[in-house]
Amino acid sequence: MVTEDKHISYRIYLVALALFIMAIAIIVKLTNIQWVHGNYYRNLAKERTVKNFVIPANKGNIYSSDGSLLATSIPNYNIRFDALAPKSVNFEKNIKSLSDSLAIMFHKPSAFFQAELRKARANKNRFYFVAKDLSYSEYIRIKKFPLFNLGAYKGGIIINQQTVREHPIGMIAERTIGYERIDTKGVLARVGIEGAFGKYLNGKDGRVLQQKIAKGQWKPIQDMNEVDPKDGYDVISTIDVYIQDIAHHALLKQLELYEADHGCVVVMETQTGQVKAISNLGRATDGSYYETINYAVSEAHEPGSTYKLVDLMALLEDKKIDTSAVFDRKGGLITYFGRKVEDSHRGGEQLVSLAKGFEMSSNTVMVQAVYNSYKDNPAQFVNHVNSFGLNKRLGLPFKGEGYPYVPQPSDKKWSNLSLPWMAFGYGVSITPLQTLTYYNSVANNGVMVKPQFVSEIKAWNKTIKKFNTEIINPKVCSAGTIAKLKNMLLNVVKNGTGKKFYSKDFSMAGKTGTAQVNYSSNGGLDKYYASSFVGYFPAENPKYSCIVVVHKPSTANNNYYGADVAGPVFKRIAQKIFTDAPTTNEIKKLDQKIAKQEQSFNQYFAKSQIKQQFLPNLKGMSGMDAAALLGNMGLKVKIIGMGKVKSQSILPGQPILKNALIILELS
């Protein structure tokens, strides 16, 4: 018995020892978890249940030069419902009135919302979808609904805010205003002003702490943010909404008329280089037009005849030739190294001056002038082109600016054809904005300024940064050359290829251009025309310069030339801009006195000075004067007819009663 008791005691001791050892192991493990790996597990648990979410900062606004909104950030709200958050008493008390409110707002039966909300509570749905893409005013409205007005914890409302970018003026200048967005490849695409000035617009993001309530579903832990977002600065662009609207619709009308593929227009302030309007429209498959590519900035192509101004500037600066020099057009066709140079219109005068050849946009004249002058030293001509800045980009803040191309005599691709081909705008590439910048330097008396799209960065009324006019070249050529070039550009519109849209009431100067594009690809089957006009207005004292380029206009009526397609757009823009401008006409003999008027006034003045107690005889008096006189006496006047007083309803000599009605018949 004693032996058996001892065995039992040993077994008890062994079990106790085992339990003790297990307890020690558990304590060691807990200690290890708590003190050695505690932070790791605590952070892991926190990361899986509580997380910091980024609240994107509101971007600053982009404004036009006249204060109109071009781009702005608008808060957008999604509303969900935590069906388990409200207590039963609150849920039952408010579900009917909440459903009624939702029914009015979203135009669905109240019974539908009651059923859905009860179903969400029965299914323990803590993230039931209520509404999305609400505006701020709609968000404020729904936040005040019964039950939801109790807040996130008592009422179960879950608010997710996001920011969307809106362009209040729609598609107008949309490409230049630009955007920042993630493309299909996950790359952040930065376009236009929005992309170029993002460091000012974007501001600083905030943070909000949210708790995981279900798989993939989170809700804010509290109503306040951990870190409030800081809004970005505002960008003041140089765009003028009035001019932009004119340019956009003028271009659109012409693109539709000619069923063109795409086109662009830029209007720039001559002295400052501020771009007041820029429109880039491409044709969609349904025939409509919308802002696609920024053609004015990115599309470098052979300019054709608008390049001939370069020829003249170089020739006149080097004193190679005078504008009165005479050339033989040779029937509008000459050959260089087996390649034809042909005028668009081969008939007409054959012996013409250099100035006349420019006005009529003769390829044969301009090529002869350049080739004969520079064939022994083509580098002299090309160096002029380079000095005009046409061989390099403008250095705009936007991504995607096109690369110009000017063949150099040192290049392997240089050939005998390079020089004559350059003379009429082929074998070179240049963007529309570069062409405009060059022409603008002539309008600006030789000062070449850089195109400017933004004038100022602001925070409320405080200026953060100001962008002043940037001069690229203070003197592209001599004053004498500028004067001659201006005269010839004016004559292009008066007597030359632009005479179709000449107006004696409004002076414009510029150059037409019609270039063949893709003439060397696919055996010439893909060839089409690019019609252009570039110039400035008013011609005598240029305020604005403008370029219009239209690609692939219909050739059905054989009127695809620059004067037919692009010129009318230029004219429409120029005249429309100045339609609302204040008149500068002087009214002569403004102070000259007219006897009849003086007599009428003196008669009225004499009667008005007498304090009347009785009604005077008004017969023969001007109706307007009589009405004014009676009004000063405190009477109400009704006039019948026009001219002078024939009769009065209250006879002369009657006492004047204040506010009495008197009827005057005029004849």
# chains A, B, ... in the order shown; residues from 1 in each chain; ligands from 1
call {"tool": "closest_atom_pairs", "arguments": {"of": "region 273-377 of chain A", "to": "region 544-567 of chain A", "cutoff": "10 Å", "atoms": "only C-alpha atoms", "output": "Markdown table"}}
result
| residue | atom | partner | partner_atom | distance |
| --- | --- | --- | --- | --- |
| A:Gly273 | CA | A:Tyr544 | CA | 9.1 |
| A:Gln274 | CA | A:Tyr544 | CA | 9.6 |
| A:Val275 | CA | A:Tyr544 | CA | 9.4 |
| A:Lys276 | CA | A:Tyr544 | CA | 8.9 |
| A:Ala277 | CA | A:Cys546 | CA | 9.3 |
| A:Ile278 | CA | A:Cys546 | CA | 9.7 |
| A:Ser279 | CA | A:Val548 | CA | 9.6 |
| A:Asn280 | CA | A:Val549 | CA | 9.7 |
| A:Leu281 | CA | A:Val550 | CA | 9.6 |
| A:Gly282 | CA | A:His551 | CA | 9.5 |
| A:Tyr295 | CA | A:Val549 | CA | 9.2 |
| A:Ala296 | CA | A:Val549 | CA | 8.4 |
| A:Pro303 | CA | A:Val549 | CA | 9.5 |
| A:Ser305 | CA | A:Gly562 | CA | 9.4 |
| A:Thr306 | CA | A:Gly562 | CA | 9.8 |
| A:Ser344 | CA | A:Tyr561 | CA | 9.2 |
call {"tool": "residues_around", "arguments": {"residues": "Lys484 (chain A)", "least_positions_apart": "5", "cutoff": "9 Å", "atoms": "only C-alpha atoms", "output": "list in words"}}
result
Leu316, Thr323, Ala479 and Leu489 of chain A
call {"tool": "write_last_selection", "arguments": {"atoms": "N, CA and C atoms", "output": "tab-separated table (two decimals), in the first residue's frame"}}
result
chain	number	residue	atom	x	y	z
A	316	LEU	N	18.71	90.71	-97.94
A	316	LEU	CA	18.79	92.14	-97.67
A	316	LEU	C	19.87	92.48	-96.65
A	323	THR	N	15.33	94.75	-103.61
A	323	THR	CA	13.97	94.27	-103.88
A	323	THR	C	13.49	94.63	-105.28
A	479	ALA	N	17.33	97.79	-88.89
A	479	ALA	CA	16.06	98.52	-88.98
A	479	ALA	C	15.66	98.73	-90.43
A	489	LEU	N	5.32	92.62	-96.69
A	489	LEU	CA	4.27	91.82	-96.05
A	489	LEU	C	2.91	92.52	-96.15
call {"tool": "atom_distance", "arguments": {"atom1": "CA of Ser387 (chain A)", "atom2": "CA of Gln408 (chain A)"}}
result
13.0 Å
call {"tool": "select_by_dssp", "arguments": {"residues": "region 304-366 of chain A", "states": "alpha helix (DSSP H)", "output": "ChimeraX atom specification"}}
result
/A:308-317,354-359,363-366
call {"tool": "residues_around", "arguments": {"residues": "region 508-511 of chain A", "least_positions_apart": "6", "cutoff": "9 Å", "atoms": "only C-alpha atoms", "output": "NGL selection string"}}
result
:A and (305-306 or 308-309 or 358-359 or 361 or 439 or 486-494 or 497-498 or 502 or 532-540 or 542 or 562-563 or 571 or 574)
call {"tool": "residues_around", "arguments": {"residues": "Phe453 (chain A)", "least_positions_apart": "2", "cutoff": "8 Å", "atoms": "only C-alpha atoms", "output": "list in words"}}
result
Ile193, Ser237, Thr238, Ile239, Gln274, Val275, Pro451 and Ser455 of chain A
call {"tool": "closest_residue", "arguments": {"among": "A:Asn202, A:Ser298, A:Gln368, A:Asn473", "to": "Asn386 (chain A)", "atoms": "only C-alpha atoms"}}
result
A:Asn473
call {"tool": "residues_around", "arguments": {"residues": "Arg165 (chain A)", "least_positions_apart": "6", "cutoff": "10 Å", "atoms": "only C-alpha atoms", "output": "NGL selection string"}}
result
:A and (58-59 or 61 or 71-76 or 179-180)
call {"tool": "select_by_dssp", "arguments": {"residues": "region 187-366 of chain A", "states": "strand (DSSP E)", "output": "number ranges by chain"}}
result
A: 188-191, 206-214, 217-220, 234-237, 262-269, 275-283, 289-290, 326-328, 333-336, 339-342, 351-353
call {"tool": "residues_around", "arguments": {"residues": "Gly446 (chain A)", "least_positions_apart": "4", "cutoff": "7 Å", "atoms": "only C-alpha atoms", "output": "MDAnalysis selection string"}}
result
chainID A and resid 441:442 474:477 482
call {"tool": "write_last_selection", "arguments": {"atoms": "all heavy atoms", "output": "PDB file, in the first residue's frame"}}
result
ATOM      1  N   SER A 441       8.973  88.777 -84.676  1.00  0.00           N
ATOM      2  CA  SER A 441      10.166  89.613 -84.514  1.00  0.00           C
ATOM      3  C   SER A 441      10.183  90.744 -85.537  1.00  0.00           C
ATOM      4  O   SER A 441      10.689  91.833 -85.265  1.00  0.00           O
ATOM      5  CB  SER A 441      11.435  88.763 -84.628  1.00  0.00           C
ATOM      6  OG  SER A 441      11.633  88.305 -85.956  1.00  0.00           O
ATOM      7  N   VAL A 442       9.640  90.499 -86.722  1.00  0.00           N
ATOM      8  CA  VAL A 442       9.531  91.558 -87.731  1.00  0.00           C
ATOM      9  C   VAL A 442       8.492  92.580 -87.283  1.00  0.00           C
ATOM     10  O   VAL A 442       8.719  93.794 -87.342  1.00  0.00           O
ATOM     11  CB  VAL A 442       9.163  90.966 -89.110  1.00  0.00           C
ATOM     12  CG1 VAL A 442       8.930  92.076 -90.130  1.00  0.00           C
ATOM     13  CG2 VAL A 442      10.253  90.018 -89.589  1.00  0.00           C
ATOM     14  N   PRO A 474      17.737  90.340 -79.380  1.00  0.00           N
ATOM     15  CA  PRO A 474      17.347  91.755 -79.339  1.00  0.00           C
ATOM     16  C   PRO A 474      17.340  92.431 -80.706  1.00  0.00           C
ATOM     17  O   PRO A 474      16.747  93.498 -80.869  1.00  0.00           O
ATOM     18  CB  PRO A 474      18.408  92.385 -78.435  1.00  0.00           C
ATOM     19  CG  PRO A 474      19.588  91.480 -78.546  1.00  0.00           C
ATOM     20  CD  PRO A 474      19.046  90.106 -78.754  1.00  0.00           C
ATOM     21  N   LYS A 475      17.984  91.786 -81.711  1.00  0.00           N
ATOM     22  CA  LYS A 475      18.041  92.415 -83.028  1.00  0.00           C
ATOM     23  C   LYS A 475      18.316  91.348 -84.086  1.00  0.00           C
ATOM     24  O   LYS A 475      19.462  90.987 -84.344  1.00  0.00           O
ATOM     25  CB  LYS A 475      19.138  93.489 -83.065  1.00  0.00           C
ATOM     26  CG  LYS A 475      19.138  94.345 -84.321  1.00  0.00           C
ATOM     27  CD  LYS A 475      20.224  95.405 -84.246  1.00  0.00           C
ATOM     28  CE  LYS A 475      20.218  96.270 -85.504  1.00  0.00           C
ATOM     29  NZ  LYS A 475      21.296  97.293 -85.472  1.00  0.00           N
ATOM     30  N   VAL A 476      17.243  90.837 -84.684  1.00  0.00           N
ATOM     31  CA  VAL A 476      17.420  89.773 -85.681  1.00  0.00           C
ATOM     32  C   VAL A 476      18.011  90.310 -86.975  1.00  0.00           C
ATOM     33  O   VAL A 476      18.650  89.582 -87.733  1.00  0.00           O
ATOM     34  CB  VAL A 476      16.087  89.042 -85.980  1.00  0.00           C
ATOM     35  CG1 VAL A 476      15.615  88.262 -84.778  1.00  0.00           C
ATOM     36  CG2 VAL A 476      15.021  90.021 -86.462  1.00  0.00           C
ATOM     37  N   CYS A 477      17.776  91.603 -87.237  1.00  0.00           N
ATOM     38  CA  CYS A 477      18.340  92.232 -88.434  1.00  0.00           C
ATOM     39  C   CYS A 477      18.275  93.741 -88.277  1.00  0.00           C
ATOM     40  O   CYS A 477      17.760  94.255 -87.281  1.00  0.00           O
ATOM     41  CB  CYS A 477      17.610  91.769 -89.692  1.00  0.00           C
ATOM     42  SG  CYS A 477      15.875  92.262 -89.752  1.00  0.00           S
ATOM     43  N   ILE A 482      14.075  95.576 -91.699  1.00  0.00           N
ATOM     44  CA  ILE A 482      12.741  95.426 -91.101  1.00  0.00           C
ATOM     45  C   ILE A 482      11.727  96.283 -91.847  1.00  0.00           C
ATOM     46  O   ILE A 482      10.613  95.835 -92.165  1.00  0.00           O
ATOM     47  CB  ILE A 482      12.763  95.807 -89.600  1.00  0.00           C
ATOM     48  CG1 ILE A 482      13.500  94.748 -88.786  1.00  0.00           C
ATOM     49  CG2 ILE A 482      11.345  95.985 -89.058  1.00  0.00           C
ATOM     50  CD1 ILE A 482      12.807  93.411 -88.675  1.00  0.00           C
TER      51      ILE A 482
END
call {"tool": "atom_distance", "arguments": {"atom1": "CA of Leu134 (chain A)", "atom2": "CA of Ile158 (chain A)"}}
result
13.3 Å
